[in-house]
>>> print(open('run09.csv').read())   # CSV, C-alpha atoms and all ligand atoms
chain,number,residue,atom,x,y,z
A,1,MET,CA,16.1,-20.5,17.3
A,2,GLY,CA,15.6,-18.1,14.4
A,3,VAL,CA,17.5,-14.9,13.7
A,4,VAL,CA,16.3,-11.5,12.5
A,5,LEU,CA,18.8,-10.4,9.9
A,6,GLY,CA,17.4,-6.9,9.4
A,7,GLY,CA,14.5,-4.9,8.1
A,8,MET,CA,13.4,-3.2,4.9
A,9,GLY,CA,10.8,-0.5,4.4
A,10,ILE,CA,9.6,0.2,0.9
A,11,ALA,CA,6.8,2.1,-0.9
A,12,HIS,CA,4.4,0.2,-3.2
A,13,THR,CA,2.1,1.4,-6.0
A,14,PRO,CA,0.4,-0.4,-8.9
A,15,THR,CA,2.2,1.9,-11.4
A,16,MET,CA,5.6,0.8,-10.1
A,17,GLY,CA,4.7,-2.7,-11.3
A,18,HIS,CA,3.4,-1.5,-14.6
A,19,ALA,CA,6.4,0.6,-15.2
A,20,TYR,CA,8.8,-2.3,-14.3
A,21,ASP,CA,7.0,-4.4,-16.8
A,22,GLY,CA,7.2,-1.7,-19.5
A,23,ARG,CA,3.4,-1.6,-19.9
A,24,GLU,CA,2.0,0.8,-22.5
A,25,GLY,CA,0.6,4.1,-21.3
A,26,ILE,CA,2.9,4.6,-18.3
A,27,ASP,CA,4.2,8.2,-18.0
A,28,PHE,CA,7.4,9.6,-16.4
A,29,LYS,CA,9.4,6.5,-17.6
A,30,ASP,CA,12.8,8.1,-16.9
A,31,ARG,CA,11.9,8.8,-13.3
A,32,TRP,CA,10.7,5.2,-12.8
A,33,LYS,CA,14.0,4.0,-14.3
A,34,GLN,CA,15.8,6.0,-11.7
A,35,TRP,CA,13.8,4.4,-9.0
A,36,PHE,CA,14.6,0.9,-10.3
A,37,LYS,CA,18.2,1.9,-10.5
A,38,GLY,CA,18.0,3.1,-6.9
A,39,LEU,CA,16.8,-0.3,-5.8
A,40,ALA,CA,19.9,-2.1,-7.2
A,41,PRO,CA,21.9,-1.9,-3.9
A,42,VAL,CA,18.9,-3.3,-2.0
A,43,LYS,CA,18.7,-6.2,-4.4
A,44,GLN,CA,22.4,-6.8,-3.8
A,45,TRP,CA,22.0,-6.6,0.0
A,46,ILE,CA,19.1,-9.1,0.1
A,47,SER,CA,21.1,-11.6,-2.0
A,48,GLU,CA,24.1,-11.2,0.4
A,49,ILE,CA,22.2,-11.6,3.6
A,50,ALA,CA,20.4,-14.6,2.0
A,51,PRO,CA,17.2,-14.8,4.2
A,52,THR,CA,15.4,-18.1,4.4
A,53,HIS,CA,12.2,-16.4,5.2
A,54,ILE,CA,10.7,-13.0,4.5
A,55,ILE,CA,7.9,-11.7,6.8
A,56,VAL,CA,6.1,-9.0,5.0
A,57,VAL,CA,3.8,-6.6,6.8
A,58,TYR,CA,1.7,-5.1,4.1
A,59,ASN,CA,-1.9,-4.1,3.2
A,60,ASP,CA,-4.3,-5.5,0.7
A,61,HIS,CA,-6.1,-3.0,-1.5
A,62,LEU,CA,-9.5,-4.7,-1.8
A,63,ASN,CA,-7.9,-7.2,-4.1
A,64,TYR,CA,-8.3,-10.3,-1.8
A,65,PHE,CA,-10.4,-9.1,1.1
A,66,ASP,CA,-13.7,-7.4,0.5
A,67,PHE,CA,-16.0,-5.6,2.9
A,68,SER,CA,-18.0,-8.7,3.7
A,69,THR,CA,-15.5,-9.5,6.5
A,70,TYR,CA,-12.5,-7.2,7.0
A,71,PRO,CA,-9.7,-8.3,9.3
A,72,THR,CA,-7.6,-5.8,11.1
A,73,PHE,CA,-4.6,-8.2,11.2
A,74,ALA,CA,-4.5,-11.4,9.1
A,75,ILE,CA,-1.7,-13.9,8.5
A,76,GLY,CA,-1.2,-16.1,5.4
A,77,MET,CA,-0.9,-19.7,6.6
A,78,SER,CA,-0.6,-21.7,3.3
A,79,ASP,CA,2.4,-23.1,1.4
A,80,HIS,CA,1.6,-21.0,-1.7
A,81,PHE,CA,0.2,-17.5,-2.2
A,82,PRO,CA,-1.0,-16.7,-5.8
A,83,GLN,CA,-0.9,-13.3,-7.2
A,84,ALA,CA,-4.2,-11.5,-7.1
A,85,ASP,CA,-6.0,-10.2,-10.2
A,86,GLU,CA,-6.6,-6.5,-9.4
A,87,GLY,CA,-8.9,-5.9,-12.3
A,88,TRP,CA,-6.4,-5.6,-15.2
A,89,GLY,CA,-5.3,-9.3,-15.3
A,90,LYS,CA,-2.3,-10.9,-13.5
A,91,ARG,CA,1.3,-9.9,-14.3
A,92,ALA,CA,3.7,-12.5,-15.6
A,93,TYR,CA,5.2,-13.7,-12.3
A,94,PRO,CA,4.8,-16.9,-10.3
A,95,GLY,CA,3.1,-17.1,-6.9
A,96,MET,CA,5.0,-16.9,-3.7
A,97,ASP,CA,5.8,-20.0,-1.6
A,98,GLY,CA,5.1,-20.1,2.1
A,99,ASP,CA,6.4,-22.4,4.9
A,100,VAL,CA,3.4,-23.8,6.9
A,101,ASP,CA,5.5,-24.9,9.9
A,102,PHE,CA,7.2,-21.5,10.1
A,103,SER,CA,3.8,-19.7,9.7
A,104,ALA,CA,2.2,-21.8,12.4
A,105,SER,CA,5.1,-21.2,14.8
A,106,VAL,CA,4.9,-17.5,14.3
A,107,ALA,CA,1.1,-17.5,14.6
A,108,GLU,CA,1.2,-19.5,17.8
A,109,SER,CA,3.7,-17.1,19.3
A,110,LEU,CA,1.9,-14.0,18.1
A,111,VAL,CA,-1.4,-15.2,19.7
A,112,ALA,CA,0.4,-16.1,22.9
A,113,ASN,CA,1.7,-12.5,22.9
A,114,GLY,CA,-1.7,-10.9,22.5
A,115,PHE,CA,-2.0,-10.6,18.6
A,116,ASP,CA,-5.1,-12.5,17.6
A,117,LEU,CA,-4.8,-12.7,13.9
A,118,THR,CA,-7.2,-14.0,11.3
A,119,PHE,CA,-5.8,-17.1,9.7
A,120,CYS,CA,-6.0,-17.1,5.9
A,121,GLN,CA,-5.7,-20.3,3.8
A,122,GLU,CA,-6.2,-18.8,0.3
A,123,LEU,CA,-4.6,-15.4,0.6
A,124,GLU,CA,-3.8,-13.8,-2.8
A,125,ILE,CA,-1.2,-11.1,-3.0
A,126,ASP,CA,-1.7,-7.7,-4.7
A,127,HIS,CA,0.7,-4.9,-5.6
A,128,GLY,CA,1.3,-4.3,-1.9
A,129,ILE,CA,4.0,-6.9,-2.4
A,130,TYR,CA,4.1,-7.7,-6.2
A,131,SER,CA,4.9,-4.1,-7.2
A,132,TRP,CA,8.4,-4.2,-5.7
A,133,LEU,CA,9.2,-7.9,-5.3
A,134,PRO,CA,10.3,-8.6,-8.9
A,135,CYS,CA,12.6,-5.5,-8.7
A,136,LEU,CA,14.4,-6.9,-5.6
A,137,ILE,CA,14.6,-10.7,-6.0
A,138,ASP,CA,14.8,-12.7,-9.2
A,139,HIS,CA,12.0,-15.3,-9.5
A,140,PRO,CA,11.4,-18.1,-8.8
A,141,TRP,CA,11.8,-16.5,-5.4
A,142,PRO,CA,14.4,-18.6,-3.5
A,143,VAL,CA,12.8,-17.8,-0.1
A,144,LYS,CA,9.6,-18.5,1.8
A,145,PHE,CA,7.2,-15.8,2.5
A,146,LEU,CA,5.0,-15.0,5.5
A,147,PRO,CA,2.5,-12.2,4.6
A,148,ILE,CA,0.8,-10.3,7.4
A,149,ALA,CA,-2.0,-8.1,6.1
A,150,VAL,CA,-3.0,-5.0,8.0
A,151,ASN,CA,-6.2,-3.1,7.5
A,152,MET,CA,-5.2,0.2,5.9
A,153,VAL,CA,-8.3,0.8,3.8
A,154,MET,CA,-11.0,1.5,6.4
A,155,GLN,CA,-10.9,3.6,9.4
A,156,PRO,CA,-10.3,2.9,12.2
A,157,VAL,CA,-6.9,1.4,11.5
A,158,PRO,CA,-4.4,0.1,14.1
A,159,THR,CA,-2.4,2.7,15.9
A,160,PRO,CA,1.4,3.3,15.5
A,161,ALA,CA,1.9,1.9,19.0
A,162,ARG,CA,0.0,-1.2,18.2
A,163,LEU,CA,2.1,-1.8,15.0
A,164,LEU,CA,5.3,-1.2,16.9
A,165,ALA,CA,4.1,-3.9,19.4
A,166,LEU,CA,3.3,-6.2,16.5
A,167,GLY,CA,6.9,-5.9,15.3
A,168,SER,CA,8.2,-6.6,18.8
A,169,ALA,CA,5.9,-9.7,18.9
A,170,LEU,CA,7.2,-10.8,15.5
A,171,ARG,CA,10.8,-10.6,16.7
A,172,SER,CA,9.9,-12.8,19.6
A,173,SER,CA,8.1,-15.3,17.4
A,174,VAL,CA,11.2,-15.6,15.1
A,175,VAL,CA,13.6,-16.0,17.9
A,176,ASP,CA,11.3,-18.6,19.5
A,177,THR,CA,10.9,-20.7,16.4
A,178,ALA,CA,12.8,-24.0,16.5
A,179,ASP,CA,14.1,-24.1,13.0
A,180,ASP,CA,17.2,-22.3,11.8
A,181,SER,CA,15.3,-19.5,10.1
A,182,ARG,CA,17.2,-16.4,8.9
A,183,VAL,CA,14.5,-13.8,8.6
A,184,LEU,CA,14.2,-10.5,6.9
A,185,ILE,CA,11.3,-8.3,8.1
A,186,VAL,CA,9.7,-6.1,5.4
A,187,ALA,CA,7.1,-3.4,5.8
A,188,THR,CA,5.6,-1.8,2.8
A,189,GLY,CA,3.3,1.2,2.3
A,190,GLY,CA,3.3,4.9,1.6
A,191,MET,CA,5.2,7.0,1.2
A,192,SER,CA,3.6,10.4,0.6
A,193,HIS,CA,0.6,10.1,-1.6
A,194,GLN,CA,-3.2,10.7,-1.8
A,195,ILE,CA,-5.6,9.0,-4.1
A,196,THR,CA,-8.9,10.7,-3.3
A,197,GLY,CA,-10.4,14.1,-3.7
A,198,ARG,CA,-8.9,17.3,-5.1
A,199,ARG,CA,-5.7,16.5,-3.3
A,200,PHE,CA,-5.3,13.5,-5.6
A,201,GLY,CA,-1.6,13.4,-6.6
A,202,LEU,CA,-0.3,15.2,-3.5
A,203,THR,CA,3.2,14.2,-2.5
A,204,ASN,CA,5.7,15.5,0.0
A,205,PRO,CA,9.3,14.5,-0.7
A,206,LYS,CA,10.6,16.6,2.2
A,207,PHE,CA,8.4,14.6,4.6
A,208,ASP,CA,9.5,11.3,3.1
A,209,GLN,CA,13.1,12.2,3.6
A,210,PHE,CA,12.3,13.2,7.2
A,211,PHE,CA,10.7,9.9,7.8
A,212,LEU,CA,13.6,7.9,6.2
A,213,SER,CA,16.1,9.9,8.3
A,214,LYS,CA,14.3,9.0,11.6
A,215,ILE,CA,13.1,5.5,11.3
A,216,THR,CA,16.4,3.7,12.0
A,217,HIS,CA,17.5,5.5,15.2
A,218,GLU,CA,14.9,8.1,16.1
A,219,TRP,CA,11.8,6.1,15.4
A,220,ASP,CA,10.3,7.0,18.8
A,221,GLU,CA,10.0,10.6,17.6
A,222,LEU,CA,8.0,9.3,14.6
A,223,ILE,CA,5.7,7.1,16.7
A,224,SER,CA,4.6,10.1,18.8
A,225,ILE,CA,3.2,11.9,15.7
A,226,PRO,CA,-0.5,11.2,15.2
A,227,MET,CA,-1.1,9.5,11.9
A,228,SER,CA,-3.8,12.1,11.1
A,229,ARG,CA,-1.0,14.7,11.2
A,230,ILE,CA,1.1,12.7,8.8
A,231,MET,CA,-1.9,12.3,6.5
A,232,GLN,CA,-2.5,16.1,6.6
A,233,VAL,CA,1.0,17.0,5.4
A,234,ALA,CA,1.8,13.9,3.2
A,235,GLY,CA,-1.5,12.7,1.9
A,236,THR,CA,-4.0,10.2,3.3
A,237,GLU,CA,-2.3,7.1,1.9
A,238,ALA,CA,0.9,8.1,3.7
A,239,GLY,CA,-1.0,6.5,6.6
A,240,GLU,CA,0.3,3.2,5.3
A,241,LEU,CA,3.7,4.3,6.7
A,242,ALA,CA,2.4,3.1,10.1
A,243,MET,CA,3.2,-0.4,9.0
A,244,TRP,CA,6.9,0.6,8.9
A,245,TYR,CA,6.8,0.8,12.7
A,246,ALA,CA,6.1,-3.0,12.7
A,247,MET,CA,9.4,-3.5,10.8
A,248,ARG,CA,11.3,-1.2,13.1
A,249,GLY,CA,9.7,-2.8,16.2
A,250,ALA,CA,11.0,-6.2,15.0
A,251,LEU,CA,14.6,-4.9,15.1
A,252,SER,CA,16.9,-4.5,18.1
A,253,GLY,CA,18.5,-1.3,19.4
A,254,SER,CA,21.8,-2.1,17.7
A,255,VAL,CA,21.2,-1.7,14.0
A,256,ARG,CA,22.8,0.2,11.2
A,257,GLU,CA,21.3,1.8,8.1
A,258,VAL,CA,22.8,0.0,5.1
A,259,TYR,CA,21.1,2.1,2.5
A,260,SER,CA,18.2,4.4,1.7
A,261,PHE,CA,16.9,6.0,-1.5
A,262,HIS,CA,14.0,8.3,-2.4
A,263,ILE,CA,12.5,9.7,-5.6
A,264,ARG,CA,9.0,10.8,-6.6
A,265,PRO,CA,8.4,9.3,-10.0
A,266,GLU,CA,4.9,10.8,-10.4
A,267,ILE,CA,2.1,10.8,-7.8
A,268,THR,CA,3.6,8.6,-5.1
A,269,GLY,CA,6.7,9.3,-3.0
A,270,CYS,CA,8.9,6.2,-3.5
A,271,GLY,CA,11.4,5.4,-0.8
A,272,VAL,CA,13.3,2.4,0.5
A,273,ILE,CA,15.5,1.7,3.5
A,274,ALA,CA,17.6,-1.3,4.4
A,275,ILE,CA,18.5,-1.7,8.0
A,276,GLU,CA,20.8,-4.5,9.3
A,277,GLU,CA,21.2,-6.0,12.7
A,278,SER,CA,24.7,-5.4,14.0
A,279,ASN,CA,24.9,-8.5,16.3
A,280,ASP,CA,22.9,-11.1,14.6
A,281,LYS,CA,24.9,-11.5,11.5
B,1,MET,CA,3.7,24.4,-3.8
B,2,ASP,CA,4.0,23.8,-7.5
B,3,ASN,CA,0.4,23.5,-8.3
B,4,GLU,CA,-2.3,26.0,-7.5
B,5,ASN,CA,-5.1,23.9,-8.9
B,6,ILE,CA,-4.6,20.9,-6.7
B,7,PRO,CA,-5.1,22.1,-3.1
B,8,THR,CA,-2.4,21.1,-0.5
B,9,ASP,CA,-4.5,22.4,2.4
B,10,GLN,CA,-4.4,20.2,5.5
B,11,LEU,CA,-8.1,19.6,5.9
B,12,LEU,CA,-9.0,16.0,5.5
B,13,GLU,CA,-12.5,16.8,4.3
B,14,PRO,CA,-14.5,16.7,1.1
B,15,PRO,CA,-14.1,17.6,-1.7
B,16,ASN,CA,-10.3,17.7,-1.1
B,17,THR,CA,-10.2,14.4,0.7
B,18,PHE,CA,-12.7,11.5,1.0
B,19,MET,CA,-11.9,9.4,4.1
B,20,PHE,CA,-13.4,5.9,4.3
B,21,SER,CA,-14.6,4.5,7.5
B,22,VAL,CA,-16.8,1.6,8.8
B,23,ARG,CA,-19.7,4.1,8.4
B,24,GLU,CA,-19.3,4.4,4.6
B,25,CYS,CA,-18.7,0.7,4.5
B,26,VAL,CA,-22.2,0.2,5.9
B,27,SER,CA,-23.9,2.9,3.9
B,28,ALA,CA,-22.5,2.0,0.5
B,29,PHE,CA,-21.9,-1.7,1.0
B,30,GLN,CA,-23.6,-2.9,-2.2
B,31,LEU,CA,-21.8,-0.4,-4.4
B,32,ASN,CA,-18.5,-1.3,-3.0
B,33,GLN,CA,-19.1,-5.1,-3.2
B,34,PHE,CA,-20.2,-4.7,-6.8
B,35,SER,CA,-17.1,-2.7,-7.6
B,36,ILE,CA,-14.7,-5.2,-5.8
B,37,GLY,CA,-16.4,-8.0,-7.6
B,38,LEU,CA,-15.0,-6.7,-10.9
B,39,LYS,CA,-11.6,-8.1,-9.9
B,40,ASN,CA,-13.1,-11.3,-11.1
B,41,PRO,CA,-12.8,-11.8,-14.9
B,42,GLN,CA,-16.2,-13.4,-15.2
B,43,GLU,CA,-17.9,-10.4,-13.4
B,44,ARG,CA,-15.9,-8.0,-15.6
B,45,ALA,CA,-17.2,-9.8,-18.7
B,46,LEU,CA,-20.8,-9.7,-17.4
B,47,PHE,CA,-20.5,-6.0,-16.7
B,48,LEU,CA,-19.1,-5.2,-20.2
B,49,ALA,CA,-21.8,-7.2,-21.9
B,50,ASP,CA,-24.7,-5.6,-20.0
B,51,GLU,CA,-23.9,-3.0,-17.4
B,52,ARG,CA,-27.5,-2.6,-16.1
B,53,ALA,CA,-27.9,-6.4,-15.6
B,54,ALA,CA,-24.6,-6.6,-13.7
B,55,MET,CA,-25.5,-3.6,-11.5
B,56,THR,CA,-29.0,-4.8,-10.8
B,57,ALA,CA,-27.7,-8.2,-9.6
B,58,TYR,CA,-26.0,-6.2,-6.8
B,59,ARG,CA,-29.1,-4.2,-6.1
B,60,LEU,CA,-27.5,-0.8,-6.7
B,61,SER,CA,-29.7,2.2,-6.4
B,62,ASP,CA,-30.9,4.1,-9.4
B,63,VAL,CA,-28.6,7.0,-8.5
B,64,GLN,CA,-25.6,4.7,-8.2
B,65,MET,CA,-26.4,3.1,-11.5
B,66,GLU,CA,-26.7,6.4,-13.3
B,67,MET,CA,-23.4,7.7,-11.8
B,68,ILE,CA,-21.7,4.5,-13.1
B,69,GLU,CA,-23.2,5.0,-16.5
B,70,GLN,CA,-22.0,8.6,-16.6
B,71,ARG,CA,-18.5,7.5,-15.3
B,72,ASP,CA,-19.1,10.0,-12.5
B,73,TRP,CA,-16.2,8.8,-10.4
B,74,THR,CA,-16.2,11.7,-8.0
B,75,GLY,CA,-19.9,11.3,-7.3
B,76,LEU,CA,-19.5,7.6,-6.6
B,77,ILE,CA,-16.6,8.2,-4.2
B,78,ALA,CA,-18.5,11.1,-2.5
B,79,GLY,CA,-21.4,8.8,-2.2
B,80,GLY,CA,-19.4,6.3,0.0
B,81,GLY,CA,-17.6,4.3,-2.7
B,82,HIS,CA,-14.1,3.3,-1.7
B,83,VAL,CA,-11.6,4.7,-4.2
B,84,LEU,CA,-9.9,1.3,-4.4
B,85,ALA,CA,-13.2,-0.3,-5.2
B,86,ILE,CA,-14.4,2.3,-7.7
B,87,VAL,CA,-11.2,2.2,-9.7
B,88,LYS,CA,-12.1,-1.5,-10.5
B,89,ILE,CA,-15.1,-0.2,-12.5
B,90,ALA,CA,-12.6,2.1,-14.3
B,91,TYR,CA,-10.1,-0.7,-14.8
B,92,SER,CA,-12.8,-2.9,-16.3
B,93,LEU,CA,-13.4,-0.2,-18.9
B,94,GLY,CA,-9.7,0.2,-19.6
B,95,ILE,CA,-9.4,3.4,-17.6
B,96,LEU,CA,-6.4,3.9,-15.3
B,97,HIS,CA,-6.8,5.2,-11.7
B,98,HIS,CA,-5.0,8.4,-12.8
B,99,GLU,CA,-8.1,9.4,-14.8
B,100,VAL,CA,-10.3,8.7,-11.8
B,101,GLY,CA,-8.0,11.0,-9.8
B,102,ALA,CA,-8.1,13.7,-12.4
B,103,HIS,CA,-11.9,13.6,-12.4
B,104,MET,CA,-11.9,14.3,-8.6
B,105,CYS,CA,-9.6,17.3,-9.4
B,106,GLY,CA,-12.1,18.5,-12.0
B,107,MET,CA,-9.8,18.1,-15.0
B,108,SER,CA,-8.7,15.7,-17.6
B,109,TYR,CA,-5.7,13.4,-17.0
B,110,GLN,CA,-3.7,15.3,-19.6
B,111,GLU,CA,-4.4,18.6,-17.8
B,112,MET,CA,-3.5,17.1,-14.5
B,113,LYS,CA,-0.3,15.4,-15.8
B,114,ALA,CA,0.9,18.7,-17.1
B,115,GLN,CA,0.6,20.1,-13.6
B,116,LEU,CA,2.5,17.4,-11.8
B,117,PRO,CA,4.3,17.3,-9.4
B,118,CYS,CA,1.8,18.4,-6.8
B,119,GLU,CA,3.8,19.0,-3.7
B,120,SER,CA,3.6,20.0,-0.1
B,121,ASP,CA,6.7,20.8,1.9
B,122,LEU,CA,5.2,20.9,5.4
B,123,LEU,CA,6.5,18.6,8.1
B,124,PRO,CA,4.1,17.3,10.8
B,125,GLN,CA,5.6,19.8,13.4
B,126,ASP,CA,4.7,22.7,11.1
B,127,ILE,CA,0.9,22.3,11.7
B,128,ASP,CA,-1.3,22.1,14.8
B,129,SER,CA,-3.9,19.4,15.5
B,130,ARG,CA,-6.5,21.3,13.4
B,131,GLY,CA,-4.2,21.2,10.4
B,132,GLN,CA,-3.4,25.0,10.7
B,133,GLN,CA,0.0,26.3,9.9
A,301,FE,FE,-1.0,0.9,-0.6
>>> encode(input="run09.csv", output="structure tokens", more="lines below")
Ligand SMILES: [Fe+2]
Amino acid sequence: MGVVLGGMGIAHTPTMGHAYDGREGIDFKDRWKQWFKGLAPVKQWISEIAPTHIIVVYNDHLNYFDFSTYPTFAIGMSDHFPQADEGWGKRAYPGMDGDVDFSASVAESLVANGFDLTFCQELEIDHGIYSWLPCLIDHPWPVKFLPIAVNMVMQPVPTPARLLALGSALRSSVVDTADDSRVLIVATGGMSHQITGRRFGLTNPKFDQFFLSKITHEWDELISIPMSRIMQVAGTEAGELAMWYAMRGALSGSVREVYSFHIRPEITGCGVIAIEESNDK
Amino acid sequence: MDNENIPTDQLLEPPNTFMFSVRECVSAFQLNQFSIGLKNPQERALFLADERAAMTAYRLSDVQMEMIEQRDWTGLIAGGGHVLAIVKIAYSLGILHHEVGAHMCGMSYQEMKAQLPCESDLLPQDIDSRGQQ
């Protein structure tokens, strides 16, 4: 039987990775520094709870999948996930290791519970995970990863209710797996930002704080808000926040918020939340 | 709102917002596949060596090829290009996505940067289903 230790929600953006690496041409460096400093307690928390596996619900940004075939839900099955080249060359980090037995058990359980995912053998991982991972865990990563990619780039995308249900199915799959896995569930996306049109650069820190304040205990209030409404006030790419519902759906009713932090370094609201199960520790 | 030049209105319509759906995916399929292909270093090298030849291999239309040659990022995205695909053309040329964004705002990146942050302070409950306050 496996155990869900807790959940984390975190924003991602290519610039976060470039700023962390100290790449030339990145602006607002001081504010990025504050973000990385704000992540320190999360890094500490992850090392303390010491997960054996991290399930990450994320989205690819046309860096592995292209439009030839676009899966709504896809699961990485292999024992290694290389970093994707997004068009500027790879960053200096190793690939992420997977655990085939664990992935297969989770996949079997998910399909049995009504989530028919696309199985990926050669999944490459983009900034959806790589932009924050090196900030939170030192490499080589001492943990096995199970990435679940959700379509967030082409409408129609899955609904909040469907993502919440995915989270619930993920919890069952972890509890049902036979090995002694200690699992952290991560969702990554958002927060407020928009990358098309004349609204390019739009952020909404007030909305981001509202979302962070609700996701732990009043998430049902968030789920009832149509994603189009969230996109209207917080930018179209805030739609990626729907994936955070999968993280919350994977947690029980008895949880506590360990930590949260928010800042807007430049054109993306950057927030993080760490939520711990009270009973399963 | 800190910035009057970047609209924070709630309409998810052009030219303020370009939504991408399966319809654009069908209508601009070749353009997007060409752009996504540039994540591959070999395709980037081919494109940098001979832009026309690389674009012709993907059967882009004359209008699409001209927009790429003019670095008309807004036109490409308005024409069904996915922003995450189109930025790969920019990356290949050493241009960051911020400059593509500034182009959609009708200004240079330096001008746009001077106007950041661009901020809305509305919560979902502050607007109705048509995006009106
Ligand atoms: Fe994203």
>>> closest_residue(input="run09.csv", among="B:Gly80, B:Ile68, B:His103, B:Asp126", to="B:Val26", atoms="all atoms listed in the file")
B:Gly80
>>> residues_near_ligand(input="run09.csv", ligand="ligand FE 301 (chain A)", cutoff="8 Å", atoms="all atoms listed in the file", output="VMD selection string")
chain A and resid 11 to 13 59 to 61 127 to 128 152 188 to 190 237 240
>>> residues_around(input="run09.csv", residues="B:Pro41", least_positions_apart="3", cutoff="8 Å", atoms="only C-alpha atoms", output="list in words")
Gly87 and Gly89 of chain A; Leu38, Arg44 and Ala45 of chain B
>>> closest_atom_pairs(input="run09.csv", of="chain A", to="chain B", cutoff="8 Å", atoms="all atoms listed in the file", output="JSON lines")
{"residue": "A:His61", "atom": "CA", "partner": "B:Leu84", "partner_atom": "CA", "distance": 6.4}
{"residue": "A:Leu62", "atom": "CA", "partner": "B:Leu84", "partner_atom": "CA", "distance": 6.6}
{"residue": "A:Asn63", "atom": "CA", "partner": "B:Lys39", "partner_atom": "CA", "distance": 6.9}
{"residue": "A:Asp66", "atom": "CA", "partner": "B:Ile36", "partner_atom": "CA", "distance": 6.7}
{"residue": "A:Phe67", "atom": "CA", "partner": "B:Gln33", "partner_atom": "CA", "distance": 6.9}
{"residue": "A:Ser68", "atom": "CA", "partner": "B:Gln33", "partner_atom": "CA", "distance": 7.9}
{"residue": "A:Asp85", "atom": "CA", "partner": "B:Lys39", "partner_atom": "CA", "distance": 6.0}
{"residue": "A:Glu86", "atom": "CA", "partner": "B:Lys39", "partner_atom": "CA", "distance": 5.3}
{"residue": "A:Gly87", "atom": "CA", "partner": "B:Lys39", "partner_atom": "CA", "distance": 4.2}
{"residue": "A:Trp88", "atom": "CA", "partner": "B:Tyr91", "partner_atom": "CA", "distance": 6.2}
{"residue": "A:Gly89", "atom": "CA", "partner": "B:Pro41", "partner_atom": "CA", "distance": 7.9}
{"residue": "A:Val153", "atom": "CA", "partner": "B:Phe20", "partner_atom": "CA", "distance": 7.2}
{"residue": "A:Met154", "atom": "CA", "partner": "B:Ser21", "partner_atom": "CA", "distance": 4.8}
{"residue": "A:Gln155", "atom": "CA", "partner": "B:Ser21", "partner_atom": "CA", "distance": 4.3}
{"residue": "A:Pro156", "atom": "CA", "partner": "B:Ser21", "partner_atom": "CA", "distance": 6.6}
{"residue": "A:Ile195", "atom": "CA", "partner": "B:Gly101", "partner_atom": "CA", "distance": 6.5}
{"residue": "A:Thr196", "atom": "CA", "partner": "B:Thr17", "partner_atom": "CA", "distance": 5.6}
{"residue": "A:Gly197", "atom": "CA", "partner": "B:Thr17", "partner_atom": "CA", "distance": 4.4}
{"residue": "A:Arg198", "atom": "CA", "partner": "B:Asn16", "partner_atom": "CA", "distance": 4.3}
{"residue": "A:Arg199", "atom": "CA", "partner": "B:Asn16", "partner_atom": "CA", "distance": 5.2}
{"residue": "A:Phe200", "atom": "CA", "partner": "B:Gly101", "partner_atom": "CA", "distance": 5.6}
{"residue": "A:Gly201", "atom": "CA", "partner": "B:Cys118", "partner_atom": "CA", "distance": 6.0}
{"residue": "A:Leu202", "atom": "CA", "partner": "B:Cys118", "partner_atom": "CA", "distance": 5.1}
{"residue": "A:Thr203", "atom": "CA", "partner": "B:Glu119", "partner_atom": "CA", "distance": 5.0}
{"residue": "A:Asn204", "atom": "CA", "partner": "B:Ser120", "partner_atom": "CA", "distance": 5.0}
{"residue": "A:Pro205", "atom": "CA", "partner": "B:Asp121", "partner_atom": "CA", "distance": 7.3}
{"residue": "A:Lys206", "atom": "CA", "partner": "B:Asp121", "partner_atom": "CA", "distance": 5.7}
{"residue": "A:Phe207", "atom": "CA", "partner": "B:Leu123", "partner_atom": "CA", "distance": 5.6}
{"residue": "A:Phe210", "atom": "CA", "partner": "B:Leu123", "partner_atom": "CA", "distance": 8.0}
{"residue": "A:Ile225", "atom": "CA", "partner": "B:Pro124", "partner_atom": "CA", "distance": 7.3}
{"residue": "A:Arg229", "atom": "CA", "partner": "B:Pro124", "partner_atom": "CA", "distance": 5.7}
{"residue": "A:Ile230", "atom": "CA", "partner": "B:Pro124", "partner_atom": "CA", "distance": 5.8}
{"residue": "A:Gln232", "atom": "CA", "partner": "B:Gln10", "partner_atom": "CA", "distance": 4.7}
{"residue": "A:Val233", "atom": "CA", "partner": "B:Leu122", "partner_atom": "CA", "distance": 5.7}
{"residue": "A:Ala234", "atom": "CA", "partner": "B:Ser120", "partner_atom": "CA", "distance": 7.2}
{"residue": "A:Thr236", "atom": "CA", "partner": "B:Thr17", "partner_atom": "CA", "distance": 7.9}
{"residue": "A:Glu266", "atom": "CA", "partner": "B:Pro117", "partner_atom": "CA", "distance": 6.6}
{"residue": "A:Ile267", "atom": "CA", "partner": "B:Pro117", "partner_atom": "CA", "distance": 7.0}
>>> closest_residue(input="run09.csv", among="A:Asp79, A:Glu257, A:Asp180, A:Glu48", to="A:Glu124", atoms="all atoms listed in the file")
A:Asp79
>>> residues_around(input="run09.csv", residues="A:Ser181", least_positions_apart="4", cutoff="9 Å", atoms="all atoms listed in the file", output="PyMOL selection string")
chain A and resi 1-4+51-53+102+174-175+177
>>> residues_around(input="run09.csv", residues="stretch 105-114 of chain A", least_positions_apart="3", cutoff="10 Å", atoms="all atoms listed in the file", output="PyMOL selection string")
chain A and resi 55+74-77+100-102+117-119+146+165-179
>>> atom_distance(input="run09.csv", atom1="atom CA of A:Ile54", atom2="atom CA of A:Ser224")
27.8 Å
>>> atom_distance(input="run09.csv", atom1="atom CA of A:Val272", atom2="atom CA of A:Trp35")
9.7 Å
>>> decode(input="run09.csv", residues="stretch 38-42 of chain A", atoms="C-alpha atoms", output="compact mmCIF listing (two decimals), in the first residue's frame")
# COMPACT_ATOMS: atom_id res chain seq x y z
CA GLY A 38 10.60 32.18 -1.21
CA LEU A 39 10.97 28.59 -2.42
CA ALA A 40 13.55 27.69 0.25
CA PRO A 41 11.01 26.47 2.85
CA VAL A 42 9.39 24.24 0.20
